[in-house]
>>> print(open('work.cif').read())   # mmCIF, C-alpha atoms
data_work
#
loop_
_atom_site.label_atom_id
_atom_site.label_comp_id
_atom_site.auth_asym_id
_atom_site.auth_seq_id
_atom_site.Cartn_x
_atom_site.Cartn_y
_atom_site.Cartn_z
CA MET F 520 10.74 -14.71 2.01
CA PRO F 521 7.93 -12.31 2.97
CA ALA F 522 7.83 -8.80 1.56
CA TYR F 523 6.19 -5.68 2.91
CA LEU F 524 4.55 -2.99 0.85
CA VAL F 525 4.69 0.34 2.69
CA VAL F 526 2.43 3.11 1.43
CA ASP F 527 2.47 6.74 2.53
CA VAL F 528 -0.75 8.47 1.42
CA ARG F 529 -1.49 12.18 1.35
CA THR F 530 -5.16 12.65 0.38
CA THR F 531 -6.45 15.66 -1.56
CA ASP F 532 -9.87 14.28 -2.55
CA PRO F 533 -11.27 12.13 0.30
CA GLU F 534 -14.24 10.91 -1.77
CA LYS F 535 -12.02 9.56 -4.57
CA ALA F 536 -9.57 8.11 -2.03
CA ALA F 537 -12.41 6.30 -0.24
CA ALA F 538 -13.68 4.82 -3.52
CA TYR F 539 -10.16 3.62 -4.34
CA SER F 540 -9.69 2.15 -0.85
CA LYS F 541 -12.98 0.26 -1.08
CA GLU F 542 -11.78 -1.50 -4.25
CA SER F 543 -8.08 -1.87 -3.47
CA GLY F 544 -8.63 -3.86 -0.26
CA PRO F 545 -10.34 -6.81 -1.95
CA SER F 546 -7.75 -6.69 -4.74
CA VAL F 547 -4.93 -7.08 -2.22
CA VAL F 548 -6.69 -10.08 -0.66
CA ARG F 549 -7.36 -11.68 -4.07
CA HIS F 550 -3.61 -11.54 -4.73
CA GLY F 551 -2.61 -13.09 -1.41
CA GLY F 552 -1.79 -9.88 0.46
CA ARG F 553 -2.57 -9.25 4.12
CA TYR F 554 -3.00 -5.85 5.72
CA LEU F 555 -0.83 -5.30 8.79
CA ALA F 556 -1.67 -1.60 9.17
CA ARG F 557 -4.24 0.43 7.30
CA GLY F 558 -4.42 4.06 8.35
CA GLY F 559 -4.10 3.64 12.11
CA ALA F 560 -2.70 6.27 14.44
CA THR F 561 0.96 7.11 13.86
CA GLU F 562 3.60 8.71 16.04
CA VAL F 563 6.84 10.06 14.62
CA LEU F 564 9.76 9.01 16.82
CA GLU F 565 12.59 10.54 14.77
CA GLY F 566 13.07 12.74 11.75
CA HIS F 567 10.95 15.19 9.83
CA TRP F 568 8.32 12.78 8.58
CA ASP F 569 4.67 13.72 8.92
CA PRO F 570 2.65 10.87 7.42
CA GLU F 571 -1.07 11.44 6.98
CA ARG F 572 -1.97 7.79 6.37
CA LEU F 573 0.32 4.75 6.38
CA VAL F 574 -0.52 1.33 5.03
CA VAL F 575 1.57 -1.83 5.44
CA ILE F 576 0.71 -4.95 3.44
CA GLU F 577 2.45 -8.31 3.71
CA PHE F 578 2.93 -10.51 0.64
CA ASP F 579 4.64 -13.90 0.36
CA SER F 580 7.51 -12.35 -1.63
CA VAL F 581 8.62 -9.27 -3.52
CA ASP F 582 7.55 -11.06 -6.71
CA ALA F 583 4.04 -11.56 -5.29
CA ALA F 584 3.81 -7.86 -4.36
CA ARG F 585 4.94 -6.85 -7.85
CA ALA F 586 2.50 -9.30 -9.44
CA TRP F 587 -0.36 -7.63 -7.53
CA TYR F 588 0.86 -4.12 -8.39
CA ASP F 589 1.26 -4.97 -12.10
CA SER F 590 -1.96 -7.01 -12.37
CA ASP F 591 -4.80 -5.94 -14.67
CA ASP F 592 -7.01 -6.14 -11.59
CA TYR F 593 -5.07 -3.55 -9.61
CA ARG F 594 -4.10 -1.43 -12.62
CA SER F 595 -7.76 -0.56 -13.24
CA ILE F 596 -8.32 0.18 -9.54
CA ARG F 597 -5.16 2.29 -9.39
CA ALA F 598 -6.57 4.51 -12.14
CA MET F 599 -9.46 5.36 -9.76
CA ARG F 600 -7.14 7.27 -7.46
CA ASP F 601 -6.06 9.82 -10.12
CA GLY F 602 -6.56 13.22 -8.54
CA ALA F 603 -7.23 11.72 -5.09
CA GLY F 604 -3.84 12.56 -3.63
CA GLU F 605 -0.26 11.39 -3.56
CA TRP F 606 0.68 7.75 -3.01
CA ARG F 607 4.29 6.86 -2.22
CA MET F 608 4.82 3.12 -2.27
CA VAL F 609 7.84 0.91 -1.64
CA VAL F 610 8.27 -2.82 -1.29
CA VAL F 611 10.89 -4.17 1.09
CA GLU F 612 12.10 -7.73 1.42
CA GLY F 613 11.37 -9.19 4.83
CA HIS F 614 13.83 -10.61 7.30
CA ARG F 615 14.09 -14.31 8.08
CA PRO F 616 14.18 -15.05 11.80
CA GLY F 617 17.70 -16.08 12.74
CA GLY F 618 19.09 -14.65 9.45
#
>>> encode(input="work.cif", output="structure tokens")
Amino acid sequence: MPAYLVVDVRTTDPEKAAAYSKESGPSVVRHGGRYLARGGATEVLEGHWDPERLVVIEFDSVDAARAWYDSDDYRSIRAMRDGAGEWRMVVVEGHRPGG
């Protein structure tokens, strides 16, 4: 079942965040992920949420998303973003059509 990684980013150091983004994209692809949204325009429809940058990545499963997140590959890239801002990240199991 597909899984979706949803990331809410609040940047404090745009230069560090850009360096991280440049490396994290290829890492996602190497681990079978596919970007569905990567910082496009957002519009809040309800609630008190004011996202600066949202990212949505599809993986084949929650296990695949966790394998990417816990990989040596991504762990070293993740260290690059220290001091670049705040990343809030969740993974949600997808819905099967008809289920």
>>> closest_residue(input="work.cif", among="F:Tyr554, F:Asp579, F:Glu571, F:Ala537", to="Glu612 in chain F", atoms="all atoms listed in the file")
F:Asp579
>>> residues_around(input="work.cif", residues="range 525-532 of chain F", least_positions_apart="2", cutoff="8 Å", atoms="only C-alpha atoms", output="count of residues only")
21
>>> residues_around(input="work.cif", residues="Gly552 in chain F", least_positions_apart="5", cutoff="10 Å", atoms="all atoms listed in the file", output="PyMOL selection string")
chain F and resi 522-524+544-547+576-580+583-584+587
>>> write_last_selection(input="work.cif", atoms="C-alpha atoms", output="compact mmCIF listing (two decimals), in the frame of the given file")
# COMPACT_ATOMS: atom_id res chain seq x y z
CA ALA F 522 7.83 -8.80 1.56
CA TYR F 523 6.19 -5.68 2.91
CA LEU F 524 4.55 -2.99 0.85
CA GLY F 544 -8.63 -3.86 -0.26
CA PRO F 545 -10.34 -6.81 -1.95
CA SER F 546 -7.75 -6.69 -4.74
CA VAL F 547 -4.93 -7.08 -2.22
CA ILE F 576 0.71 -4.95 3.44
CA GLU F 577 2.45 -8.31 3.71
CA PHE F 578 2.93 -10.51 0.64
CA ASP F 579 4.64 -13.90 0.36
CA SER F 580 7.51 -12.35 -1.63
CA ALA F 583 4.04 -11.56 -5.29
CA ALA F 584 3.81 -7.86 -4.36
CA TRP F 587 -0.36 -7.63 -7.53
>>> atom_distance(input="work.cif", atom1="CA of Asp592 in chain F", atom2="CA of Gly613 in chain F")
24.8 Å
>>> closest_residue(input="work.cif", among="F:Tyr588, F:Ala560, F:Met599, F:Pro521", to="Ala538 in chain F", atoms="all atoms listed in the file")
F:Met599
>>> closest_residue(input="work.cif", among="F:His614, F:Val548, F:Met520, F:Leu555", to="Tyr593 in chain F", atoms="all atoms listed in the file")
F:Val548
>>> axis_aligned_box(input="work.cif", around="range 604-617 of chain F", padding_each_side="3 Å", output="AutoDock Vina command-line options")
--center_x 6.9 --center_y -1.8 --center_z 4.6 --size_x 27.5 --size_y 34.6 --size_z 22.4
>>> atom_distance(input="work.cif", atom1="CA of Tyr539 in chain F", atom2="CA of Ile596 in chain F")
6.5 Å
>>> atom_distance(input="work.cif", atom1="CA of Arg594 in chain F", atom2="CA of Lys541 in chain F")
14.7 Å
>>> decode(input="work.cif", residues="range 585-605 of chain F", atoms="N, CA, C and O atoms", output="PDB file, in the first residue's frame")
ATOM      1  N   ARG F 585      10.297   4.633   5.716  1.00  0.00           N
ATOM      2  CA  ARG F 585      11.167   4.534   6.886  1.00  0.00           C
ATOM      3  C   ARG F 585      12.571   4.087   6.487  1.00  0.00           C
ATOM      4  O   ARG F 585      13.554   4.552   7.061  1.00  0.00           O
ATOM      5  N   ALA F 586      12.660   3.178   5.523  1.00  0.00           N
ATOM      6  CA  ALA F 586      13.976   2.713   5.065  1.00  0.00           C
ATOM      7  C   ALA F 586      14.778   3.883   4.481  1.00  0.00           C
ATOM      8  O   ALA F 586      15.980   3.993   4.710  1.00  0.00           O
ATOM      9  N   TRP F 587      14.121   4.741   3.717  1.00  0.00           N
ATOM     10  CA  TRP F 587      14.799   5.940   3.196  1.00  0.00           C
ATOM     11  C   TRP F 587      15.231   6.833   4.356  1.00  0.00           C
ATOM     12  O   TRP F 587      16.388   7.242   4.425  1.00  0.00           O
ATOM     13  N   TYR F 588      14.294   7.136   5.253  1.00  0.00           N
ATOM     14  CA  TYR F 588      14.583   8.061   6.357  1.00  0.00           C
ATOM     15  C   TYR F 588      15.730   7.556   7.223  1.00  0.00           C
ATOM     16  O   TYR F 588      16.583   8.333   7.664  1.00  0.00           O
ATOM     17  N   ASP F 589      15.779   6.253   7.471  1.00  0.00           N
ATOM     18  CA  ASP F 589      16.802   5.663   8.336  1.00  0.00           C
ATOM     19  C   ASP F 589      18.081   5.261   7.605  1.00  0.00           C
ATOM     20  O   ASP F 589      19.026   4.788   8.235  1.00  0.00           O
ATOM     21  N   SER F 590      18.128   5.449   6.286  1.00  0.00           N
ATOM     22  CA  SER F 590      19.289   5.018   5.502  1.00  0.00           C
ATOM     23  C   SER F 590      20.527   5.857   5.827  1.00  0.00           C
ATOM     24  O   SER F 590      20.439   7.024   6.208  1.00  0.00           O
ATOM     25  N   ASP F 591      21.694   5.240   5.672  1.00  0.00           N
ATOM     26  CA  ASP F 591      22.964   5.981   5.827  1.00  0.00           C
ATOM     27  C   ASP F 591      23.014   7.137   4.843  1.00  0.00           C
ATOM     28  O   ASP F 591      23.505   8.225   5.166  1.00  0.00           O
ATOM     29  N   ASP F 592      22.505   6.895   3.643  1.00  0.00           N
ATOM     30  CA  ASP F 592      22.463   7.902   2.586  1.00  0.00           C
ATOM     31  C   ASP F 592      21.750   9.166   3.074  1.00  0.00           C
ATOM     32  O   ASP F 592      22.311  10.263   3.061  1.00  0.00           O
ATOM     33  N   TYR F 593      20.519   9.013   3.544  1.00  0.00           N
ATOM     34  CA  TYR F 593      19.754  10.183   3.963  1.00  0.00           C
ATOM     35  C   TYR F 593      20.228  10.731   5.303  1.00  0.00           C
ATOM     36  O   TYR F 593      20.184  11.930   5.539  1.00  0.00           O
ATOM     37  N   ARG F 594      20.688   9.877   6.184  1.00  0.00           N
ATOM     38  CA  ARG F 594      21.155  10.339   7.498  1.00  0.00           C
ATOM     39  C   ARG F 594      22.260  11.388   7.339  1.00  0.00           C
ATOM     40  O   ARG F 594      22.254  12.412   8.014  1.00  0.00           O
ATOM     41  N   SER F 595      23.190  11.154   6.422  1.00  0.00           N
ATOM     42  CA  SER F 595      24.277  12.127   6.225  1.00  0.00           C
ATOM     43  C   SER F 595      23.748  13.419   5.595  1.00  0.00           C
ATOM     44  O   SER F 595      24.206  14.514   5.928  1.00  0.00           O
ATOM     45  N   ILE F 596      22.772  13.308   4.716  1.00  0.00           N
ATOM     46  CA  ILE F 596      22.173  14.495   4.089  1.00  0.00           C
ATOM     47  C   ILE F 596      21.351  15.263   5.124  1.00  0.00           C
ATOM     48  O   ILE F 596      21.395  16.497   5.174  1.00  0.00           O
ATOM     49  N   ARG F 597      20.637  14.541   5.959  1.00  0.00           N
ATOM     50  CA  ARG F 597      19.814  15.166   6.998  1.00  0.00           C
ATOM     51  C   ARG F 597      20.664  16.038   7.928  1.00  0.00           C
ATOM     52  O   ARG F 597      20.222  17.100   8.375  1.00  0.00           O
ATOM     53  N   ALA F 598      21.879  15.610   8.190  1.00  0.00           N
ATOM     54  CA  ALA F 598      22.781  16.387   9.052  1.00  0.00           C
ATOM     55  C   ALA F 598      23.092  17.756   8.438  1.00  0.00           C
ATOM     56  O   ALA F 598      23.377  18.712   9.162  1.00  0.00           O
ATOM     57  N   MET F 599      23.006  17.859   7.115  1.00  0.00           N
ATOM     58  CA  MET F 599      23.288  19.129   6.425  1.00  0.00           C
ATOM     59  C   MET F 599      22.291  20.215   6.795  1.00  0.00           C
ATOM     60  O   MET F 599      22.594  21.398   6.697  1.00  0.00           O
ATOM     61  N   ARG F 600      21.106  19.841   7.197  1.00  0.00           N
ATOM     62  CA  ARG F 600      20.073  20.842   7.448  1.00  0.00           C
ATOM     63  C   ARG F 600      20.111  21.407   8.866  1.00  0.00           C
ATOM     64  O   ARG F 600      19.323  22.288   9.203  1.00  0.00           O
ATOM     65  N   ASP F 601      21.022  20.916   9.718  1.00  0.00           N
ATOM     66  CA  ASP F 601      21.159  21.463  11.074  1.00  0.00           C
ATOM     67  C   ASP F 601      21.329  22.972  11.006  1.00  0.00           C
ATOM     68  O   ASP F 601      22.191  23.474  10.296  1.00  0.00           O
ATOM     69  N   GLY F 602      20.466  23.683  11.701  1.00  0.00           N
ATOM     70  CA  GLY F 602      20.530  25.138  11.713  1.00  0.00           C
ATOM     71  C   GLY F 602      19.856  25.804  10.531  1.00  0.00           C
ATOM     72  O   GLY F 602      19.873  27.025  10.417  1.00  0.00           O
ATOM     73  N   ALA F 603      19.257  25.011   9.639  1.00  0.00           N
ATOM     74  CA  ALA F 603      18.626  25.576   8.433  1.00  0.00           C
ATOM     75  C   ALA F 603      17.164  25.907   8.656  1.00  0.00           C
ATOM     76  O   ALA F 603      16.557  26.585   7.835  1.00  0.00           O
ATOM     77  N   GLY F 604      16.588  25.407   9.736  1.00  0.00           N
ATOM     78  CA  GLY F 604      15.180  25.657   9.992  1.00  0.00           C
ATOM     79  C   GLY F 604      14.557  24.527  10.769  1.00  0.00           C
ATOM     80  O   GLY F 604      15.245  23.739  11.412  1.00  0.00           O
ATOM     81  N   GLU F 605      13.243  24.449  10.681  1.00  0.00           N
ATOM     82  CA  GLU F 605      12.487  23.414  11.378  1.00  0.00           C
ATOM     83  C   GLU F 605      11.777  22.539  10.354  1.00  0.00           C
ATOM     84  O   GLU F 605      11.066  23.041   9.483  1.00  0.00           O
TER      85      GLU F 605
END
